Amino acid sequence: MALALVWASVLAAGCDGSGAPTAGGEAGPTAVAPETKPVGPATVGTTERQTISIGVGGRVEGISAVLTFSNTSVQAHAGDELDFRMPDTEGDDPHTVTFGTLVEPGINTAEGSRKLPQVFPRQAPDASLQANQSAAQPCFLATGLPPIALEGGAPACEKRAQPEFTGTETFYNSGLLLPGDRFKVRIASSAKPGTYQYMCLVHGGRMTGTLTVADASVPVPRAAEVERQGRQTTQGLAFRAAEGRNRPTAARQMLAGVVGQNLPNAYLAEFVPTRLSVATGETVSFDAVVAHSIAFNATEDDFGLIRRAPDGTVALNTRAFVPVDSPIPPPLFTAYLPVLTSGVELPPTTFDGRGLKSSGLLSVDPPGAVSYRVTFTTPGTYEVRCLVHRDMRAQIIVG
Ligand SMILES: [Cu+2]
């Protein structure tokens, strides 16, 4: 619980790249006072109906994975529309946009977290892994709880047309959003002024936001201004994450993803360094943070965590999860209440350059890392790929 609070407060302090002071407390776990502050002459607000675009995750110039909404506190009126947009870049992390009264207790209390389905099951990756369809597919519940299973495989909710958002729903979930997807939320005219929390069911407590519904007479920032600030925030996070390229590494160490200090909601989804020379018989430590699947001789079918069928059913691509010719990795972390796995070193495994070899999904919440260790027994140049992030590439040169 304490850790979840830390994440929430770091998020509140660090995610507003606009340079404007962040209003205190709105992202705190319990202090969700409406943020209908008066709008000064410098930022002309509006009381007209509008559609506000909000970015979901994303990367800037290909440099990093941003795990946040572009605006983590949005003000709007009943009748407005929120247009959540995924970036178009292939290979980005999937996300959800999930509102509902289950969200706040779900990311702040152990009891609450047991009522909120995760997309990915919480267990060591093996071929039996199944997504929770209630999280992976759209689900709109006025009352009651969505189907949930810690080991995965919970069924989908009953299919229904997306209703307007009233603020009283227990669970109001976009389902998985893939690159290019959009999720529009119309705020019902009956929605009461107040603050409503939303989150991503993939990235949990590190990827949250608040919607403040203002009284109709109170101006809120214009959509264009909100969107400008959002782009600035996303860019700022990506550029800060890119500083991870300069992170010093030890001999025979390759980082798989780099998380910056005080930067919980973006990270560099790259290998650092991208070329590493070792002698035959030496062991390289691939140190993974967040979620990566390190592979040699991968083919097209191996890439991507999920496959979405035309009917919306989401299947996990077990090729990206399950280790091949490698030790079993630790269980996937649950991002709702972070489990900090630190300094897990898997037993070394040898590689002679032939055939598919894959770590399976290494999933860990910073600051720790899971170390996947490979002893290279044969001279050659080997391409390293990540099965989660298609454009993560590096070379190991064994001399
Ligand atoms: Cu997410």
# chains A, B, ... in the order shown; residues from 1 in each chain; ligands from 1
call {"tool": "residues_around", "arguments": {"residues": "Gln162 in chain A", "least_positions_apart": "5", "cutoff": "9 Å", "atoms": "only C-alpha atoms", "output": "PyMOL selection string"}}
result
chain A and resi 138-140+172+185
call {"tool": "residues_near_ligand", "arguments": {"ligand": "ligand 1", "cutoff": "8 Å", "atoms": "only C-alpha atoms and all ligand atoms", "output": "ChimeraX atom specification"}}
result
/A:56-57,67-68,93-96,199-204,207
call {"tool": "write_last_selection", "arguments": {"atoms": "C-alpha atoms", "output": "PDB file, in the first residue's frame"}}
result
ATOM      1  CA  VAL A  56      -2.513   7.422 -24.383  1.00  0.00           C
ATOM      2  CA  GLY A  57       1.125   6.463 -23.924  1.00  0.00           C
ATOM      3  CA  LEU A  67       3.529   5.178 -19.776  1.00  0.00           C
ATOM      4  CA  THR A  68       1.164   8.014 -19.046  1.00  0.00           C
ATOM      5  CA  ASP A  93       2.765  -1.013 -25.473  1.00  0.00           C
ATOM      6  CA  PRO A  94      -0.984  -1.666 -25.365  1.00  0.00           C
ATOM      7  CA  HIS A  95      -3.049   0.272 -22.813  1.00  0.00           C
ATOM      8  CA  THR A  96      -6.615   0.580 -21.584  1.00  0.00           C
ATOM      9  CA  MET A 199      -6.316   4.247 -15.180  1.00  0.00           C
ATOM     10  CA  CYS A 200      -4.719   1.782 -17.553  1.00  0.00           C
ATOM     11  CA  LEU A 201      -5.311  -1.871 -16.626  1.00  0.00           C
ATOM     12  CA  VAL A 202      -1.967  -2.846 -18.184  1.00  0.00           C
ATOM     13  CA  HIS A 203       0.239  -0.351 -16.382  1.00  0.00           C
ATOM     14  CA  GLY A 204      -1.813   0.037 -13.246  1.00  0.00           C
ATOM     15  CA  MET A 207      -0.641   5.118 -15.402  1.00  0.00           C
TER      16      MET A 207
END
call {"tool": "select_by_dssp", "arguments": {"residues": "range 275-360 of chain A", "states": "strand (DSSP E)", "output": "number ranges by chain"}}
result
A: 275-278, 283-288, 290-296, 306-308, 314-316, 344-345, 349-351, 357-360
call {"tool": "write_last_selection", "arguments": {"atoms": "C-alpha atoms", "output": "compact mmCIF listing (two decimals), in the first residue's frame"}}
result
# COMPACT_ATOMS: atom_id res chain seq x y z
CA ARG A 275 26.75 -3.18 -29.47
CA LEU A 276 28.72 -5.23 -27.02
CA SER A 277 31.88 -7.23 -27.67
CA VAL A 278 32.79 -10.20 -25.51
CA THR A 283 28.56 -14.44 -19.96
CA VAL A 284 26.51 -11.35 -20.76
CA SER A 285 23.96 -10.09 -18.25
CA PHE A 286 20.84 -8.65 -19.88
CA ASP A 287 19.22 -6.56 -17.15
CA ALA A 288 15.54 -5.99 -17.86
CA VAL A 290 9.49 -3.01 -16.91
CA ALA A 291 8.69 -5.70 -19.52
CA HIS A 292 10.94 -7.19 -22.15
CA SER A 293 11.41 -10.56 -23.77
CA ILE A 294 14.96 -11.03 -24.98
CA ALA A 295 15.41 -13.27 -27.98
CA PHE A 296 17.89 -14.58 -30.54
CA ILE A 306 -1.30 -10.17 -27.87
CA ARG A 307 -3.42 -11.08 -30.86
CA ARG A 308 -6.88 -9.57 -31.15
CA VAL A 314 -7.77 -11.20 -27.02
CA ALA A 315 -5.34 -14.10 -27.09
CA LEU A 316 -1.89 -13.89 -25.56
CA VAL A 344 16.84 -11.38 -9.47
CA GLU A 345 19.61 -13.19 -11.32
CA THR A 349 22.20 -20.42 -20.01
CA THR A 350 24.47 -21.15 -22.97
CA PHE A 351 23.95 -20.09 -26.59
CA LYS A 357 16.42 -18.75 -27.76
CA SER A 358 14.18 -16.52 -25.70
CA SER A 359 14.13 -15.34 -22.10
CA GLY A 360 10.35 -15.34 -21.90
call {"tool": "closest_residue", "arguments": {"among": "A:Gly106, A:Gly55, A:Gly312, A:Pro147", "to": "Gly205 in chain A", "atoms": "only C-alpha atoms"}}
result
A:Gly106
call {"tool": "select_by_dssp", "arguments": {"residues": "range 197-279 of chain A", "states": "helix (DSSP H, G or I)", "output": "list in words"}}
result
Ala223, Ala224, Glu225, Val226, Glu227, Arg228, Gln229, Gly230, Arg231, Gln232, Thr233, Thr234, Gln235, Gly236, Leu237, Ala238, Phe239, Arg240, Ala241, Ala242, Glu243, Gly244, Arg245 and Asn246 of chain A
call {"tool": "write_last_selection", "arguments": {"atoms": "C-alpha atoms", "output": "PDB file, in the first residue's frame"}}
result
ATOM      1  CA  ALA A 223      -9.286  21.725 -25.832  1.00  0.00           C
ATOM      2  CA  ALA A 224      -6.542  23.180 -28.030  1.00  0.00           C
ATOM      3  CA  GLU A 225      -4.636  24.352 -24.964  1.00  0.00           C
ATOM      4  CA  VAL A 226      -5.060  20.998 -23.209  1.00  0.00           C
ATOM      5  CA  GLU A 227      -3.782  19.212 -26.302  1.00  0.00           C
ATOM      6  CA  ARG A 228      -0.795  21.558 -26.656  1.00  0.00           C
ATOM      7  CA  GLN A 229       0.156  20.904 -23.039  1.00  0.00           C
ATOM      8  CA  GLY A 230      -0.313  17.183 -23.567  1.00  0.00           C
ATOM      9  CA  ARG A 231       2.084  17.086 -26.496  1.00  0.00           C
ATOM     10  CA  GLN A 232       4.607  19.041 -24.475  1.00  0.00           C
ATOM     11  CA  THR A 233       4.284  16.648 -21.529  1.00  0.00           C
ATOM     12  CA  THR A 234       4.729  13.573 -23.709  1.00  0.00           C
ATOM     13  CA  GLN A 235       7.744  15.060 -25.474  1.00  0.00           C
ATOM     14  CA  GLY A 236       9.313  16.145 -22.219  1.00  0.00           C
ATOM     15  CA  LEU A 237       8.951  12.649 -20.757  1.00  0.00           C
ATOM     16  CA  ALA A 238      10.383  11.013 -23.854  1.00  0.00           C
ATOM     17  CA  PHE A 239      13.390  13.305 -23.970  1.00  0.00           C
ATOM     18  CA  ARG A 240      14.094  12.762 -20.294  1.00  0.00           C
ATOM     19  CA  ALA A 241      13.803   9.011 -20.761  1.00  0.00           C
ATOM     20  CA  ALA A 242      16.224   9.186 -23.699  1.00  0.00           C
ATOM     21  CA  GLU A 243      18.925  10.359 -21.301  1.00  0.00           C
ATOM     22  CA  GLY A 244      19.054   6.691 -20.318  1.00  0.00           C
ATOM     23  CA  ARG A 245      21.233   6.142 -23.400  1.00  0.00           C
ATOM     24  CA  ASN A 246      24.093   7.660 -21.418  1.00  0.00           C
TER      25      ASN A 246
END
call {"tool": "residues_around", "arguments": {"residues": "Pro193 in chain A", "least_positions_apart": "2", "cutoff": "6 Å", "atoms": "only C-alpha atoms", "output": "PDB file with C-alpha atoms, in the first residue's frame"}}
result
ATOM      1  CA  VAL A 213     -16.252  17.618 -14.202  1.00  0.00           C
ATOM      2  CA  ALA A 214     -16.729  21.328 -13.548  1.00  0.00           C
ATOM      3  CA  ASP A 215     -20.008  23.079 -12.916  1.00  0.00           C
TER       4      ASP A 215
END
call {"tool": "atom_distance", "arguments": {"atom1": "CA of Leu82 in chain A", "atom2": "CA of Gly175 in chain A"}}
result
16.0 Å
call {"tool": "residues_around", "arguments": {"residues": "Phe303 in chain A", "least_positions_apart": "4", "cutoff": "9 Å", "atoms": "only C-alpha atoms", "output": "PyMOL selection string"}}
result
chain A and resi 91+298-299+317+319-320+386-390
call {"tool": "write_last_selection", "arguments": {"atoms": "N, CA and C atoms", "output": "compact mmCIF listing (two decimals), in the first residue's frame"}}
result
# COMPACT_ATOMS: atom_id res chain seq x y z
N GLY A 91 4.23 -1.55 -32.45
CA GLY A 91 5.21 -2.03 -31.48
C GLY A 91 5.15 -1.29 -30.16
N ALA A 298 14.78 -14.77 -33.57
CA ALA A 298 13.32 -14.68 -33.53
C ALA A 298 12.76 -14.55 -34.95
N THR A 299 11.56 -15.06 -35.14
CA THR A 299 10.87 -14.88 -36.43
C THR A 299 9.59 -14.09 -36.19
N ASN A 317 -0.03 -14.00 -27.08
CA ASN A 317 0.94 -14.66 -27.96
C ASN A 317 1.98 -15.32 -27.07
N ARG A 319 4.32 -17.15 -27.56
CA ARG A 319 5.71 -17.12 -28.05
C ARG A 319 6.50 -15.95 -27.45
N ALA A 320 5.79 -14.87 -27.15
CA ALA A 320 6.49 -13.72 -26.56
C ALA A 320 6.61 -13.83 -25.04
N CYS A 386 13.86 -7.72 -28.82
CA CYS A 386 12.87 -7.81 -27.76
C CYS A 386 11.54 -8.16 -28.41
N LEU A 387 10.90 -9.20 -27.91
CA LEU A 387 9.65 -9.66 -28.53
C LEU A 387 8.47 -8.78 -28.15
N VAL A 388 8.67 -7.90 -27.17
CA VAL A 388 7.61 -6.94 -26.80
C VAL A 388 7.75 -5.68 -27.64
N HIS A 389 8.96 -5.21 -27.80
CA HIS A 389 9.23 -3.95 -28.50
C HIS A 389 10.02 -4.26 -29.77
N ARG A 390 9.31 -4.25 -30.87
CA ARG A 390 9.85 -4.69 -32.15
C ARG A 390 11.09 -3.91 -32.59
call {"tool": "closest_residue", "arguments": {"among": "A:Pro379, A:Leu141, A:Thr89, A:Arg206", "to": "Ser64 in chain A", "atoms": "only C-alpha atoms"}}
result
A:Thr89
call {"tool": "atom_distance", "arguments": {"atom1": "CA of Asp126 in chain A", "atom2": "CA of Pro347 in chain A"}}
result
18.0 Å
call {"tool": "residues_around", "arguments": {"residues": "Ala65 in chain A", "least_positions_apart": "6", "cutoff": "8 Å", "atoms": "only C-alpha atoms", "output": "MDAnalysis selection string"}}
result
chainID A and resid 57:59 92:93 238 266:269
call {"tool": "write_last_selection", "arguments": {"atoms": "N, CA and C atoms", "output": "JSON list (two decimals), in the first residue's frame"}}
result
[["chain", "number", "residue", "atom", "x", "y", "z"],
["A", 57, "GLY", "N", -0.23, 6.98, -23.72],
["A", 57, "GLY", "CA", 1.12, 6.46, -23.92],
["A", 57, "GLY", "C", 1.80, 7.16, -25.10],
["A", 58, "GLY", "N", 2.63, 6.42, -25.78],
["A", 58, "GLY", "CA", 3.22, 6.95, -26.99],
["A", 58, "GLY", "C", 4.72, 7.07, -26.91],
["A", 59, "ARG", "N", 5.29, 7.36, -28.04],
["A", 59, "ARG", "CA", 6.72, 7.60, -28.10],
["A", 59, "ARG", "C", 6.95, 8.79, -29.01],
["A", 92, "ASP", "N", 4.24, -0.34, -30.02],
["A", 92, "ASP", "CA", 4.11, 0.32, -28.73],
["A", 92, "ASP", "C", 3.34, -0.55, -27.76],
["A", 93, "ASP", "N", 3.49, -0.26, -26.49],
["A", 93, "ASP", "CA", 2.77, -1.01, -25.47],
["A", 93, "ASP", "C", 1.25, -0.81, -25.65],
["A", 238, "ALA", "N", 9.59, 11.83, -22.94],
["A", 238, "ALA", "CA", 10.38, 11.01, -23.85],
["A", 238, "ALA", "C", 11.83, 11.49, -23.88],
["A", 266, "ALA", "N", 7.72, 6.95, -17.69],
["A", 266, "ALA", "CA", 8.30, 6.82, -19.03],
["A", 266, "ALA", "C", 9.61, 6.08, -18.88],
["A", 267, "TYR", "N", 9.99, 5.34, -19.88],
["A", 267, "TYR", "CA", 11.31, 4.71, -19.84],
["A", 267, "TYR", "C", 11.82, 4.53, -21.25],
["A", 268, "LEU", "N", 13.11, 4.29, -21.32],
["A", 268, "LEU", "CA", 13.74, 4.11, -22.62],
["A", 268, "LEU", "C", 13.61, 2.65, -23.01],
["A", 269, "ALA", "N", 12.83, 2.37, -24.04],
["A", 269, "ALA", "CA", 12.66, 0.98, -24.48],
["A", 269, "ALA", "C", 13.72, 0.67, -25.53]]
call {"tool": "residues_around", "arguments": {"residues": "Asp181 in chain A", "least_positions_apart": "6", "cutoff": "9 Å", "atoms": "only C-alpha atoms", "output": "list in words"}}
result
Phe84, Arg85, Met86, Pro87 and Asp88 of chain A
call {"tool": "write_last_selection", "arguments": {"atoms": "C-alpha atoms", "output": "compact mmCIF listing (two decimals), in the first residue's frame"}}
result
# COMPACT_ATOMS: atom_id res chain seq x y z
CA PHE A 84 -8.43 9.10 -26.00
CA ARG A 85 -5.95 8.37 -28.78
CA MET A 86 -3.27 5.76 -29.11
CA PRO A 87 -0.21 6.63 -31.18
CA ASP A 88 0.09 5.05 -34.60
